[in-house]
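Data from upload-v4.txt: compact mmCIF, C-alpha atoms
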# COMPACT_ATOMS: atom_id res chain seq x y z
CA MET A 1 32.38 90.32 -32.41
CA ASN A 2 36.01 90.11 -33.49
CA LYS A 3 36.53 89.64 -37.21
CA PHE A 4 38.39 86.46 -38.12
CA VAL A 5 41.77 87.15 -39.69
CA PHE A 6 43.11 84.49 -42.03
CA PRO A 7 46.76 83.44 -42.02
CA GLN A 8 48.60 85.02 -44.96
CA PHE A 9 50.22 82.66 -47.46
CA GLN A 10 53.86 83.54 -48.16
CA LYS A 11 55.45 80.88 -50.35
CA GLU A 12 55.51 77.22 -51.29
CA LYS A 13 58.72 75.20 -51.16
CA ILE A 14 58.40 72.02 -53.25
CA LEU A 15 60.21 69.16 -51.49
CA PHE A 16 59.32 66.47 -54.02
CA GLU A 17 57.21 66.32 -57.17
CA GLY A 18 56.25 63.07 -58.89
CA LYS A 19 53.79 62.15 -61.63
CA PHE A 20 50.64 62.52 -59.51
CA ARG A 21 51.63 64.14 -56.21
CA ARG A 22 53.60 67.12 -54.98
CA PHE A 23 55.00 67.24 -51.44
CA ALA A 24 55.64 70.77 -50.26
CA SER A 25 56.17 73.03 -47.28
CA ASN A 26 53.98 76.14 -47.28
CA GLU A 27 54.79 79.18 -45.17
CA TYR A 28 52.11 81.36 -43.57
CA ILE A 29 52.16 84.43 -41.36
CA LEU A 30 49.69 84.15 -38.48
CA PRO A 31 47.63 87.12 -37.27
CA ASN A 32 50.07 87.55 -34.36
CA GLY A 33 52.93 87.97 -36.84
CA SER A 34 54.65 84.63 -36.28
CA LEU A 35 55.73 82.45 -39.22
CA ILE A 36 54.70 78.80 -39.50
CA SER A 37 55.35 76.03 -42.03
CA CYS A 38 52.73 73.48 -43.03
CA GLU A 39 53.54 70.28 -44.92
CA THR A 40 51.09 69.52 -47.74
CA LEU A 41 50.52 66.67 -50.18
CA ASN A 42 48.61 67.73 -53.28
CA ASN A 43 48.00 66.79 -56.89
CA THR A 44 50.49 67.90 -59.52
CA PHE A 45 47.67 69.11 -61.76
CA ASN A 46 45.30 71.94 -60.94
CA ALA A 47 41.76 70.74 -61.51
CA LYS A 48 39.40 73.69 -61.39
CA TYR A 49 36.63 71.91 -59.52
CA ALA A 50 37.82 68.59 -58.07
CA HIS A 51 40.72 66.19 -58.43
CA GLY A 52 39.09 62.80 -58.00
CA ILE A 53 36.03 61.04 -59.37
CA GLY A 54 34.07 58.13 -57.93
CA ALA A 55 30.93 56.05 -58.45
CA ILE A 56 28.40 54.63 -56.03
CA PRO A 57 27.01 51.88 -58.29
CA ILE A 58 23.73 50.12 -57.40
CA ILE A 59 22.39 47.09 -59.30
CA LYS A 60 18.71 47.91 -59.68
CA GLN A 61 17.48 44.33 -60.11
CA THR A 62 19.10 43.06 -56.89
CA ASN A 63 19.66 46.16 -54.70
CA GLN A 64 23.35 45.34 -54.50
CA ILE A 65 26.14 47.87 -54.30
CA ILE A 66 29.30 47.28 -56.32
CA LEU A 67 32.50 47.68 -54.32
CA ILE A 68 36.10 46.98 -55.18
CA GLU A 69 39.09 45.56 -53.38
CA ASN A 70 42.15 47.54 -54.41
CA PHE A 71 45.72 47.08 -53.22
CA ARG A 72 46.98 50.39 -51.84
CA TYR A 73 50.74 50.79 -51.79
CA PRO A 74 51.06 53.53 -49.10
CA ILE A 75 49.42 51.31 -46.47
CA ASP A 76 50.61 47.97 -47.94
CA LYS A 77 47.09 46.56 -47.63
CA LYS A 78 44.08 45.57 -49.65
CA CYS A 79 41.42 48.25 -49.27
CA ILE A 80 37.63 48.09 -49.79
CA GLU A 81 36.50 51.12 -51.81
CA PHE A 82 34.08 52.61 -54.28
CA PRO A 83 35.27 52.51 -57.91
CA SER A 84 37.21 55.76 -58.23
CA GLY A 85 40.18 57.48 -59.79
CA LEU A 86 41.43 60.69 -61.35
CA TYR A 87 40.49 62.71 -64.40
CA GLU A 88 42.58 62.03 -67.46
CA GLU A 89 44.49 64.86 -69.16
CA ASN A 90 42.17 64.95 -72.17
CA GLU A 91 39.21 65.38 -69.79
CA LEU A 92 40.81 68.13 -67.71
CA LYS A 93 41.53 70.46 -70.61
CA TYR A 94 37.84 70.70 -71.48
CA PHE A 95 36.79 71.99 -68.06
CA SER A 96 34.42 74.94 -68.15
CA ASN A 97 31.61 76.24 -65.94
CA ASP A 98 28.98 74.94 -68.34
CA GLU A 99 30.44 71.49 -68.89
CA ILE A 100 31.69 70.41 -65.46
CA ASN A 101 28.68 68.17 -64.77
CA LYS A 102 28.87 66.45 -68.16
CA ILE A 103 32.64 65.92 -67.96
CA ALA A 104 32.39 64.53 -64.42
CA ILE A 105 29.65 62.09 -65.44
CA GLU A 106 31.61 60.77 -68.42
CA ALA A 107 34.84 60.49 -66.41
CA ILE A 108 33.12 58.55 -63.60
CA LYS A 109 31.39 56.30 -66.15
CA ARG A 110 34.80 55.53 -67.68
CA GLU A 111 36.41 54.76 -64.33
CA LEU A 112 33.49 52.51 -63.33
CA LYS A 113 33.78 50.52 -66.55
CA GLU A 114 37.58 50.18 -66.29
CA GLU A 115 37.68 49.03 -62.68
CA THR A 116 34.56 46.84 -62.48
CA GLY A 117 33.70 45.94 -66.06
CA TYR A 118 30.15 47.24 -65.51
CA TYR A 119 28.48 49.93 -67.60
CA GLY A 120 26.33 52.26 -65.51
CA ASP A 121 23.65 54.89 -66.10
CA PHE A 122 24.14 58.18 -64.27
CA VAL A 123 21.39 58.87 -61.72
CA LYS A 124 22.53 61.93 -59.78
CA PHE A 125 25.48 63.45 -58.04
CA PHE A 126 25.52 62.10 -54.53
CA THR A 127 25.11 65.52 -52.98
CA LEU A 128 23.51 67.66 -55.68
CA PRO A 129 20.75 67.67 -58.31
CA GLU A 130 22.07 66.95 -61.81
CA ASN A 131 21.65 70.49 -63.12
CA ASP A 132 22.43 72.46 -59.98
CA VAL A 133 24.31 75.61 -61.03
CA PHE A 134 26.23 75.45 -57.75
CA ALA A 135 27.63 72.00 -58.64
CA GLY A 136 30.98 73.23 -59.91
CA LYS A 137 31.80 75.25 -56.81
CA PHE A 138 30.53 72.47 -54.54
CA PHE A 139 32.77 69.88 -56.20
CA GLY A 140 35.81 71.95 -55.32
CA ASN A 141 34.74 72.48 -51.71
CA VAL A 142 34.33 68.91 -50.46
CA PHE A 143 37.70 67.63 -49.25
CA ALA A 144 38.82 64.17 -48.19
CA ASP A 145 41.60 65.19 -45.82
CA PRO A 146 41.94 69.00 -45.73
CA TRP A 147 44.43 69.18 -42.88
CA LYS A 148 47.18 68.00 -45.21
CA SER A 149 45.83 67.97 -48.77
CA SER A 150 43.63 69.89 -51.20
CA ASP A 151 42.33 66.65 -52.75
CA SER A 152 38.60 66.71 -53.49
CA THR A 153 36.38 64.10 -55.12
CA VAL A 154 33.15 64.13 -57.11
CA MET A 155 30.88 61.20 -56.19
CA ALA A 156 27.86 60.15 -58.26
CA LEU A 157 25.16 57.52 -57.97
CA PHE A 158 24.99 55.11 -60.91
CA SER A 159 22.33 52.54 -61.75
CA ILE A 160 23.57 49.20 -63.10
CA ASP A 161 21.17 47.28 -65.34
CA LEU A 162 22.15 43.62 -65.52
CA GLU A 163 20.38 43.32 -68.87
CA LYS A 164 22.93 45.76 -70.30
CA ASN A 165 25.81 43.92 -68.63
CA LYS A 166 25.53 40.36 -69.90
CA GLU A 167 29.30 40.42 -70.31
CA HIS A 168 31.59 42.57 -68.21
CA LYS A 169 35.35 42.67 -68.28
CA GLN A 170 37.70 44.93 -66.34
CA GLN A 171 40.18 47.14 -68.18
CA LEU A 172 42.93 47.47 -65.58
CA GLU A 173 46.36 49.04 -65.68
CA ASP A 174 49.35 46.88 -64.73
CA SER A 175 49.59 48.51 -61.30
CA GLU A 176 45.90 47.96 -60.50
CA LEU A 177 45.10 44.78 -58.54
CA ILE A 178 41.32 45.05 -58.25
CA LYS A 179 38.66 42.53 -57.25
CA VAL A 180 34.92 43.27 -57.56
CA TYR A 181 32.29 42.59 -54.87
CA LEU A 182 28.50 42.69 -55.19
CA VAL A 183 27.16 43.45 -51.71
CA ASP A 184 23.54 43.48 -50.53
CA ILE A 185 22.81 47.05 -49.52
CA ASN A 186 21.14 45.76 -46.33
CA ASN A 187 24.37 43.98 -45.39
CA PHE A 188 26.65 46.90 -46.31
CA LEU A 189 28.04 47.74 -42.86
CA ASN A 190 28.31 44.09 -41.80
CA PHE A 191 30.31 43.33 -44.94
CA LEU A 192 32.76 46.13 -44.16
CA CYS A 193 33.11 45.03 -40.53
CA GLU A 194 33.85 41.45 -41.59
CA LYS A 195 36.46 42.64 -44.09
CA ALA A 196 38.06 44.83 -41.42
CA LYS A 197 38.30 41.77 -39.12
CA GLU A 198 40.10 39.95 -41.94
CA GLY A 199 42.71 42.72 -42.04
CA TYR A 200 41.40 44.77 -44.96
CA ALA A 201 41.55 48.56 -44.89
CA ILE A 202 38.26 50.41 -45.42
CA ARG A 203 38.03 53.65 -47.40
CA LYS A 204 36.69 56.46 -45.21
CA ASN A 205 33.92 57.75 -47.49
CA LEU A 206 32.59 54.21 -47.98
CA TYR A 207 32.48 53.57 -44.24
CA SER A 208 30.77 56.93 -43.67
CA LEU A 209 27.97 56.02 -46.09
CA ALA A 210 27.47 52.62 -44.46
CA LEU A 211 27.23 54.27 -41.04
CA GLY A 212 24.82 56.87 -42.43
CA LEU A 213 22.48 54.16 -43.67
CA GLU A 214 22.58 52.53 -40.24
CA PHE A 215 21.79 55.85 -38.53
CA ASN A 216 18.87 56.34 -40.90
CA ASP A 217 17.36 53.03 -39.82
CA PHE A 218 18.20 53.55 -36.13
CA PHE A 219 16.49 56.95 -35.90
CA ASP A 220 13.73 56.05 -38.39
CA LEU A 221 14.48 59.20 -40.38
CA ASN A 222 12.34 58.34 -43.42

Please lay out the structure from this file as structure tokens.
Amino acid sequence: MNKFVFPQFQKEKILFEGKFRRFASNEYILPNGSLISCETLNNTFNAKYAHGIGAIPIIKQTNQIILIENFRYPIDKKCIEFPSGLYEENELKYFSNDEINKIAIEAIKRELKEETGYYGDFVKFFTLPENDVFAGKFFGNVFADPWKSSDSTVMALFSIDLEKNKEHKQQLEDSELIKVYLVDINNFLNFLCEKAKEGYAIRKNLYSLALGLEFNDFFDLN
């Protein structure tokens, strides 16, 4: 069997760098010796494990999932999403192998509270047990759109207790235009389809989860 030979990275040419994103052209030498350029769009900061954070919040008393409607400037549309965002600078500088799980949990909890007004209790990372020693490496190896970006996101399941959320108020930035939806988990996919018919964009990871739940029922996988 022939051994796979990776393209060799040569250099990065930064075309534009803003506050959050860096647009660049990266040069690689292919195994046949030819030179190619690949355009990339990445974060300006170098998170060791993952760039983004997100919550999958479930209200335990009603079996509803909390979703948000967020206006997204690149597509000029309102988009249905999970509450999510980026680490803040003061969170990033404390990254270490031992603390990645704790920092991710606290960062997601903060983002959930800011965008929805709801306080949530961490249940588990969506893909890993809470104390899995592989968690850090895994976080940095799940990518949203790897053909053009190194962006990766940590997703965690959160339980929302309505008794602890008698009052809830969003803490939004001026640029954030966010509306909160409480959606019956059994009507998850239908809700997204109806919103799509109305012209809303649907975030890919959210749609994938809704489809996964439908597949589970269709094939009776439990």

- Any idea what the distance is between atom CA of Asp174 of chain A and atom CA of Ile53 of chain A?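 Atom CA of Ile53 of chain A lies at a distance of 20.2 Å from atom CA of Asp174 of chain A.
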
- Message: I want to know what sits within 10 Å of Arg110 of chain A, based on only C-alpha atoms, with residues of the same chain fewer than 5 positions away left out; could you give that as a ChimeraX atom specification?
- Response: /A:84-85,87,104-105,115,117-120,171

- Computed gap from atom CA of Gly54 of chain A to atom CA of Thr153 of chain A is 7.0 Å

- Task: Extract, using only C-alpha atoms, all DNA, RNA and protein residues at most 12 Å from Arg72 of chain A, discarding same-chain residues fewer than 6 positions from it, and format them as a PyMOL selection string.
- Result: chain A and resi 78-81+175-178+200-203

Print the selection's residues with C-alpha atoms to a file, as an mmCIF file, in the coordinates of the input.
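Written file, part-v1.cif:
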data_model
loop_
_atom_site.group_PDB
_atom_site.id
_atom_site.type_symbol
_atom_site.label_atom_id
_atom_site.label_comp_id
_atom_site.auth_asym_id
_atom_site.auth_seq_id
_atom_site.Cartn_x
_atom_site.Cartn_y
_atom_site.Cartn_z
ATOM 1 C CA LYS A 78 44.080 45.570 -49.650
ATOM 2 C CA CYS A 79 41.420 48.250 -49.270
ATOM 3 C CA ILE A 80 37.630 48.090 -49.790
ATOM 4 C CA GLU A 81 36.500 51.120 -51.810
ATOM 5 C CA SER A 175 49.590 48.510 -61.300
ATOM 6 C CA GLU A 176 45.900 47.960 -60.500
ATOM 7 C CA LEU A 177 45.100 44.780 -58.540
ATOM 8 C CA ILE A 178 41.320 45.050 -58.250
ATOM 9 C CA TYR A 200 41.400 44.770 -44.960
ATOM 10 C CA ALA A 201 41.550 48.560 -44.890
ATOM 11 C CA ILE A 202 38.260 50.410 -45.420
ATOM 12 C CA ARG A 203 38.030 53.650 -47.400
#

- Go ahead and compute the interatomic distance for atom CA of Lys60 of chain A and atom CA of Lys102 of chain A, in Å to one decimal.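 The value is 22.8 Å.
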
- Proximity to Phe6 of chain A - best of A:Pro31, A:Asn26, A:Phe20, A:Ile100, only C-alpha atoms: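 Residue with the minimum atom-to-atom distance to Phe6 of chain A: A:Pro31.
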
- Using all atoms listed in the file, find the one residue out of A:Lys195, A:Lys169, A:Lys109, A:Lys179 that sits nearest to Ala156 of chain A.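 Looking at the shortest contact to Ala156 of chain A, the residue is A:Lys109.
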
- Rank A:Glu173, A:Glu106, A:Val154, A:Leu211 by their smallest atom-to-atom distance to Cys193 of chain A, using all atoms listed in the file, and report the top residue only. A:Leu211

Taking only C-alpha atoms, show segment 94-123 of chain A of the given structure as a PDB file, in the first residue's frame.
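File written: selection.pdb
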ATOM      1  CA  TYR A  94      -6.165  30.415  31.268  1.00  0.00           C
ATOM      2  CA  PHE A  95      -6.207  27.495  28.843  1.00  0.00           C
ATOM      3  CA  SER A  96      -4.347  24.418  30.040  1.00  0.00           C
ATOM      4  CA  ASN A  97      -4.701  20.669  29.562  1.00  0.00           C
ATOM      5  CA  ASP A  98      -6.196  20.257  33.017  1.00  0.00           C
ATOM      6  CA  GLU A  99      -8.673  23.123  32.854  1.00  0.00           C
ATOM      7  CA  ILE A 100     -10.055  22.993  29.313  1.00  0.00           C
ATOM      8  CA  ASN A 101     -13.306  21.284  30.348  1.00  0.00           C
ATOM      9  CA  LYS A 102     -13.953  23.710  33.206  1.00  0.00           C
ATOM     10  CA  ILE A 103     -13.168  26.789  31.107  1.00  0.00           C
ATOM     11  CA  ALA A 104     -15.381  25.577  28.255  1.00  0.00           C
ATOM     12  CA  ILE A 105     -18.297  24.942  30.630  1.00  0.00           C
ATOM     13  CA  GLU A 106     -18.066  28.387  32.214  1.00  0.00           C
ATOM     14  CA  ALA A 107     -17.694  30.116  28.833  1.00  0.00           C
ATOM     15  CA  ILE A 108     -20.736  28.324  27.386  1.00  0.00           C
ATOM     16  CA  LYS A 109     -22.741  29.094  30.535  1.00  0.00           C
ATOM     17  CA  ARG A 110     -21.865  32.786  30.114  1.00  0.00           C
ATOM     18  CA  GLU A 111     -22.835  32.846  26.437  1.00  0.00           C
ATOM     19  CA  LEU A 112     -26.133  31.072  27.173  1.00  0.00           C
ATOM     20  CA  LYS A 113     -27.037  33.614  29.844  1.00  0.00           C
ATOM     21  CA  GLU A 114     -26.080  36.602  27.673  1.00  0.00           C
ATOM     22  CA  GLU A 115     -27.977  35.525  24.569  1.00  0.00           C
ATOM     23  CA  THR A 116     -31.100  33.934  26.085  1.00  0.00           C
ATOM     24  CA  GLY A 117     -31.328  35.274  29.623  1.00  0.00           C
ATOM     25  CA  TYR A 118     -31.527  31.702  30.946  1.00  0.00           C
ATOM     26  CA  TYR A 119     -29.166  30.194  33.506  1.00  0.00           C
ATOM     27  CA  GLY A 120     -28.318  26.570  32.752  1.00  0.00           C
ATOM     28  CA  ASP A 121     -26.730  23.624  34.551  1.00  0.00           C
ATOM     29  CA  PHE A 122     -24.044  21.765  32.618  1.00  0.00           C
ATOM     30  CA  VAL A 123     -25.008  18.163  31.837  1.00  0.00           C
TER      31      VAL A 123
END
